[in-house]
Every structure is written in C-alpha cells, then in structure tokens.
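> Below you'll find the structure I mean.
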Amino acid sequence: MKNYITLYLTIVSVFSFNCYSQKAQLASADKKYENYSYINAIKTYERVAEKGYKSADMFQKLGNAYYFNADLEQSAKWYGELFAMTSDVEPVYFYRYAQSLRAIGENDKANEMLKKFTKLSDDDSRGDLFIKNVNYLDAIKNNSGRYTVENAGINSQYSDYGAAITLNKIVFASARDTGSLGQRKHTWTNQHFTDLYVADLDGEMNPGTVDKFDRTVKSKFHEATPTFTKDGKTMYFTRNNYFEAEKGKNEKNITLIKIYKATLENDQWVNIMELPFDSDNYSTAHPALSSDDKTLYFASDMPGTLGQSDLFKVEINEDGTYGTPINLGETINTEGRETFPFINDENEVYFASDGHPGLGGLDIFVSKINEDGTFNKVQNVGSDVNSPKDDFAYWIDTKSRKGFFSSNRDGGQGYDDIYKFLELKKLTCEQLLFGKVTDQSTNEVLPGAKISLFDSRFNAMGEVLADSKGDYSFAVECGKTYNVRAEKTDYTKKEEKITIDKENGKTNLNIALEKEQCKVAVGDDLGKCFGIKMIYFDLDKSNIRKEAALDLEKILDVLSQNPTMKLDIRSHTDSRASHKYNEDLSDRRAKSTINWLIKNGVSPDRLIGKGYGETELVNKCSDGVDCTEDEHQMNRRSEFIITAL
C-alpha cells in the first residue's frame with residue numbers, strides 16, 4: 001500500500017472506513033363507447049382471457065397494462081398466466097413479474113425471477129461489480145494509451161502527494177523536512193508528518209522551486225490535500241484532529257482526521273476552523289470543490305457509508321453555512337474505499353477506488369455527473385495513469401488537458417510521488433439519443449408526449465416532454481443499452497430498446513404511437529382493430545380451429561357490447577387452385593364463421609357474409625404470377641365490415 005495510506009490514513013485508522021399501453025390506459029377502462037364508434041381493445045382482451053382463452057401476446061399486454069398503472073396485484077395475476085404458458089419471453093418480463101410478486105409478498109418466487117432476469121439480461125446483479133464486469137481488463141486496455149506521463153519534478157525521497165492548483169501555483173503535501181518539527185516521525189511509518197508545500201507554475205504547468213506553504217496552517221501533525229475557491233481566498237484542507245493545541249480522540253483513543261477551512265487575509269491563512277459535520281468519531285478528508293464553488297465533495301466513513309470509505313457532497317450555502325452531507329450513492333461508492341475526489345468544470349468526478357475493477361490497489365476512475373445529480377457509468381481511466389500500485393489524487397485542467405496525479409508505483413523517487421500528465425484523447429464518449437414522436441396512423445407529430453429513459457435494468461435515467469415538433473433528446477453513454485418509453489393521453493404506451501453507438505455522435509430513435517382505442521365507422525373493417533388478418537381453418541376445410549376461436553371471441557365481445565352493430569363477414573383466398581374451388585371454399589368458411597357467432601349468441605339478422613375467393617386480390621398475385629408465400633398470404637384474409645352501428 002502506498003505511503004499515504006500508512007502515513008495519512010492508517011496512522012489515524014482513518015480509512016479502515018467503518019456501504020418503470022401497454023398502459024392501455026386502463027384508467028379510462030370505464031369509458032363508454034361513444035355512439036358505438038370506440039372499441040376499448042384492452043377491456044376486450046381481458047374479457048376474452050376471463051373466458052379461458054390463452055395467448056402469450058394477450059397476457060403480456062394485460063400484465064403490462066396493470067404494471068404501468070402500478071396495480072401490481074393484477075399485473076402479478078396476468079404475468080403469472082403468461083409464465084404458466086411460456087417462459088420464452090423477453091428478459092424484462094422476468095423483472096416485471098418479480099417486482100409484481102414482491103408487491104404481493106411472494107419474495108422467494110420474486111428472487112427466483114430476478115435470478116433468471118440477471119442471467120438473461122445484459123448486466124449482472126448490481127453491486128457484484130467483478131461478475132458484472134467480467135472483461136474489465138479489456139475495458140481498461142481500451143481506455144489506455146491516452147496519456148503521456150512524467151515525473152512532476154517536485155518530488156523528494158519522502159512522500160509527496162495530493163496536488164491542488166490555485167492562482168498558477170501547485171500546492172501539495174510532503175513529508176520532507178518540516179523545519180523545527182523535522183525530527184518528529186510517526187512511529188508506524190518512520191516518516192515525517194506531512195506539511196503543505198507550494199511551487200509556481202509556468203505557462204506549460206511546469207513547477208518551479210518548492211517552498212513551504214504557510215506556517216499559520218502548519219500543526220504538529222498532518223496537513224494535506226487542500227482545495228481552493230476560484231479566487232484563491234478560501235482553502236479547505238485535511239488535518240489530524242488537532243485544533244488550538246488540543247488533540248481530539250475517538251472513543252478508542254485514536255486521533256482521526258477532519259476537514260478544516262481557512263481564509264486568506266493579508267497574505268496569511270487565518271480563521272482556521274473545522275467544518276460542522278466533522279466529528280471525533282469518524283473521519284472526513286480530501287475535500288474538493290465543484291466548479292462553481294457551491295458544493296464540497298469529500299471522503300468519509302461517517303454514518304451512512306456503504307463501504308470502508310465513501311464519497312459525499314455537501315452544499316455550501318450563501319451565508320457560509322453548510323447543508324447535510326449526502327452520500328454519492330452506489331454508482332460511485334462500493335464496499336471498498338472511494339477517496340480523493342476531484343470535480344472538473346465539465347462536471348466530471350474523478351476519484352480513487354479499490355472497489356471498482358482495477359489494476360491493483362487504488363485506481364483512478366471517472367464518471368459524468370448528470371444534471372439531476374445522478375452519475376453515468378464509472379470508467380477506469382486506463383493503465384497510463386493507473387498501475388498495479390496505488391494511484392490517486394487526480395487533477396486536470398480541461399483547457400490544456402494537462403494535470404497531476406499521485407502514485408507509489410515502481411520507479412518513483414520517494415514513497416509517493418506526484419506525476420504530471422498530458423491527456424491526448426478524452427475518455428468520455430459523447431452521444432445524443434434523439435427522435436420524433438408521431439401518430440402511427442397519421443404520422444402527425446405528438447407534442448407533449450412524455451419520454452422516459454431507463455437503463456438496461458430499468459433504472460430510471462431521465463424524463464422529457466416532446467417539443468412542439470414532437471422531438472426529444474437525451475445525453476447518453478456510448479455503447480450502452482437503454483429502454484425508451486413514450487406515452488401520451490389516448491395512446492398506448494410504447495417501449496423501445498436501443499443500443500447506443502460506441503463512437504461520438506448521435507443515435508436516432510423515432511417512436512410511433514398507436515391510438516389507445518379503435519375508432520370505427522360504417523364501412524370499416526372491425527378485424528383491423530385487433531389485428532385479425534384471417535380466421536384459420538384446416539387445409540381445404542371450413543371447421544373453426546382453436547386459434548380462430550380466440551379471434552372470433554374478440555368479435556363476439558364487441559358485438560355483445562354493441563347490440564345494434566351489424567357485420568358483413570367476407571372470406572378471401574389467394575389465386576392458387578381453381579377460381580370455382582376458391583369461391584366455394586371461401587364461401588363455406590364465411591358461413592362457418594357466421595354460424596359460430598350465431599351459436600354463441602349473436603342474432604342471425606345482424607350477420608351477412610359470403611366468400612369472394614380470389615376475386616378481390618390486394619396485390620399482383622393472380623393466376624400465373626410468381627409470388628412469395630408472404631405475398632400470397634396477404635390475399636388470404638378475413639374481413640368483418642361494419643354495416644350498421
């Protein structure tokens with residue numbers, strides 16, 4: 001482990017850190033048919049299902065309808081019917097079923113579904129990072145070769161680390177000669193206690209001569225890892241729990257570390273004070289300021305920590321007071337150590353961690369901070385900066401792409417050394433997911449449609465409304481798979497899965513929404529409302545097959561709900577076989593369909609029909625024309641033409 005841990009953390013036991021239609025809007029399920037011109041397809045599906053007819057597609061739609069309405073008891077019912085029929089479904093259905101099962105207390109079965117979802121989905125279970133990132137070494141390799149790295153030129157034979165830049169100066173911690181207290185060494189490391197040192201930077205960010213920073217900040221113990229406001233007049237830094245000649249200790253008689261604040265007056269750092277969220281019973285360390293100086297990031301093992309040490313943030317109020325520290329969450333923090341944060345003016349957070357997959361010890365990682373405060377996927381910055389040893393305390397100037405980091409890698413000058421780098425190529429791949437939301441039938445744009453973005457495990461990532469032109473967009477990560485859901489009143493929800501390109505650029509996803517309810521009038525084909533293209537019969541037969549009965553149940557249900565509706569049932573064939581044969585066969589099939597409906601309660605005076613054989617082909621496939629099976633299939637169809645409402 002690098003010296004800074006034993007010197008600055010272990011010595012104080014610091015970072016032994018003690019942690020979502022088909023919402024076929026069933027909300028309008030009781031909407032009455034208006035003049036018998038609106039058909040509520042979802043309600044029809046449900047009534048058909050209750051009669052015992054089974055269809056995986058129907059069960060999916062019913063389950064989704066209730067799931068999207070947060071009626072998880074009912075979604076559990078219909079997803080249960082789905083899985084009782086088949087498990088050959090998209091992985092997302094395992095997830096939705098699991099969530100529904102949890103709502104009704106069936107946790108064991110929910111866990112079983114989640115295990116299957118994890119196995120079938122692109123990602124593994126959250127938190128199990130090394131299983132989730134089986135090929136993490138390949139990812140690190142892909143991120144490498146982007147830096148030139150050299151010794152910063154300010155190192156000693158002792159520990160030098162934690163560079164911060166302020167007003168064209170570099171300030172860092174060093175265990176080199178500390179003056180009158182220079183002979184005091186920590187017994188665990190046999191190293192001098194660290195003080196702050198400073199050097200001027202030239203136009204190429206090369207450090208000049210090193211001097212001691214400021215004696216007013218110096219104490220008998222450690223000072224390190226400063227960060228400065230843009231005007232250079234306020235500094236936050238880390239120090240052992242030592243203030244006004246008093247050494248604070250926790251209940252185990254150990255002196256931990258705290259973050260202190262100082263202000264610059266008359267070229268001296270004064271008004272030194274510990275921050276209000278410091279404590280004798282846990283450590284706070286390694287402060288870093290957001291680019292607007294309004295948020296302070298830091299590392300701590302305070303209550304609420306997920307692992308050994310976590311990264312936190314706290315708001316700095318205009319009156320100089322502080323908000324309540326907030327844990328950055330599971331995307332950033334692991335069961336291991338996350339420490340040494342740095343936030344650049346491109347809203348990226350760099351930090352050191354031994355919990356995320358790396359090369360050994362502490363590695364440096366980066367994540368984009370989204371506008372809503374969430375974080376993009378954490379990425380290892382690569383093997384130029386990272387090594388099998390400890391690498392930490394990263395700082396970069398986004399204009400020049402030059403910066404500094406610390407490491408105890410082999411070949412260094414001392415215990416920890418500061419390295420200077422030039423980033424030749426940015427790691428972050430920038431992608432824009434964009435598209436237009438339209439009406440599926442009319443192609444009209446749908447302003448105000450709500451578009452929700454989810455990751456591959458259906459964690460919410462963002463939400464926008466389509467603009468006046470029906471357009472939407474999200475900033476997304478390259479190479480990542482997302483689920484995009486579009487919804488608008490009077491339309492069924494639609495969900496699309498999209499994998500983003502791996503290079504910088506834009507990815508297009510247009511979404512066409514279908515009217516939630518079918519609107520029909522005299523002369524329309526009722527079958528189109530339910531996607532009924534044909535009623536199936538055995539070859540050369542006119543007996544109703546089982547799968548045909550399912551579709552006829554839908555027609556029967558509509559006729560039951562609309563007692564004045566009348567239908568002309570038309571049966572068509574393709575051009576194969578003789579004209580006479582096709583006409584007779586289609587006529588028998590039309591009459592068989594009518595008889596089935598009459599047998600099931602429809603009055604005969606509401607139904608007429610006949611077979612048209614091959615007389616009304618919808619394409620070129622007449623006798624003697626070479627056509628594909630799919631082209632012939634278009635002509636083999638059943639129609640349910642509304643003759644009265």
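Ligands are numbered from 1 in the order shown, chains are lettered A, B, ... in the order of the structure tokens, and residues start at 1 in each chain.
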If we count only C-alpha atoms, what is near Lys141 in chain A at a cut-off of 8 Å, once residues fewer than 3 positions away on the same chain are taken out, given as a list in words?

Leu137, Asp138, Ser144, Gly382 and Ser383 of chain A

> Let's have the selection written as an mmCIF file, in the first residue's frame, with N, CA and C atoms.


```cif
data_model
loop_
_atom_site.group_PDB
_atom_site.id
_atom_site.type_symbol
_atom_site.label_atom_id
_atom_site.label_comp_id
_atom_site.auth_asym_id
_atom_site.auth_seq_id
_atom_site.Cartn_x
_atom_site.Cartn_y
_atom_site.Cartn_z
ATOM 1 N N LEU A 137 -10.646 -5.987 -17.751
ATOM 2 C CA LEU A 137 -9.283 -5.717 -18.203
ATOM 3 C C LEU A 137 -9.270 -5.247 -19.653
ATOM 4 N N ASP A 138 -10.173 -5.792 -20.462
ATOM 5 C CA ASP A 138 -10.287 -5.327 -21.845
ATOM 6 C C ASP A 138 -10.746 -3.870 -21.887
ATOM 7 N N SER A 144 -6.721 2.874 -22.334
ATOM 8 C CA SER A 144 -5.313 3.200 -22.153
ATOM 9 C C SER A 144 -4.718 3.818 -23.418
ATOM 10 N N GLY A 382 -7.533 4.091 -17.309
ATOM 11 C CA GLY A 382 -6.570 3.374 -18.131
ATOM 12 C C GLY A 382 -5.230 3.186 -17.459
ATOM 13 N N SER A 383 -4.391 2.375 -18.089
ATOM 14 C CA SER A 383 -3.139 1.939 -17.482
ATOM 15 C C SER A 383 -1.998 2.936 -17.604
#
```

> List as a list in words the protein and nucleic acid residues near Gln440 in chain A, meaning an atom at most 6 Å away when only C-alpha atoms are counted, but skip any in the same chain fewer than 6 places from it.

Ala512, Leu513 and Glu514 of chain A

> Quick one: write out the picked residues with N, CA and C atoms as a CSV table (one decimal), in the first residue's frame?


```
chain,number,residue,atom,x,y,z
A,512,ALA,N,-43.4,5.8,-33.0
A,512,ALA,CA,-44.8,6.0,-33.5
A,512,ALA,C,-45.8,5.4,-32.5
A,513,LEU,N,-46.7,6.2,-32.0
A,513,LEU,CA,-47.7,5.7,-31.0
A,513,LEU,C,-49.0,5.4,-31.7
A,514,GLU,N,-49.6,4.3,-31.2
A,514,GLU,CA,-50.9,3.9,-31.7
A,514,GLU,C,-52.0,4.4,-30.8
```

> Which is closer to Arg47 in chain A than all the others in A:Met634, A:Ile555, A:Ile511, A:Leu328, using only C-alpha atoms?

A:Ile555

> Using only C-alpha atoms, pick whichever of A:Ser575, A:Asn635, A:Leu567, A:Ser279 has the shortest atom-to-atom distance to Pro604 in chain A.

A:Leu567

> So that I can see what lies close to Ala224 in chain A, please list as a list in words the residues with an atom at most 10 Å from it, counting only C-alpha atoms and leaving out residues fewer than 3 positions away in the same chain.

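In the requested format, the answer is Tyr4, Tyr8, Asp160, Tyr161, Gly162, Ala163, Val171, Phe172, Ala173, Ser174, Phe193, Thr194, Asp195, Leu196, Tyr197, Thr227, Tyr236, Phe237, Thr238, Arg239, Asn240, Ile259, Ala285, His286 and Pro287 of chain A.
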
> Can you measure CA of Gly232 in chain A to CA of Ala288 in chain A for me? One decimal in Å is fine.

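CA of Ala288 in chain A lies at a distance of 13.6 Å from CA of Gly232 in chain A.
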
> Which of these residues is nearest to Gln157 in chain A, using only C-alpha atoms: A:Asp345, A:Glu463, A:Asp626, A:Asp417?

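Result for the nearest residue to Gln157 in chain A: A:Asp417.
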
> Provide the CA of Phe474 in chain A to CA of Leu433 in chain A distance in Å, to one decimal place.

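Distance between the two atoms: 5.2 Å.
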
> Just to confirm, what's the straight-line distance from CA of Ile500 in chain A to CA of Glu477 in chain A in Å (one decimal)?

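Computed distance, CA of Ile500 in chain A to CA of Glu477 in chain A, equals 7.1 Å.
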
> Just list the residues in range 350-539 of chain A DSSP gives strand (DSSP E or B) on the backbone, as a VMD selection string.

chain A and resid 350 to 353 363 to 369 375 379 to 380 391 to 397 402 to 407 417 to 423 430 to 439 445 450 to 455 460 to 465 471 to 477 481 to 487 491 494 to 499 505 to 508 511 to 513 515 518 to 519 525 537

> Which of these residues is nearest to Leu552 in chain A, using only C-alpha atoms: A:Asn155, A:Asn600, A:Thr321, A:Thr573?

A:Asn600
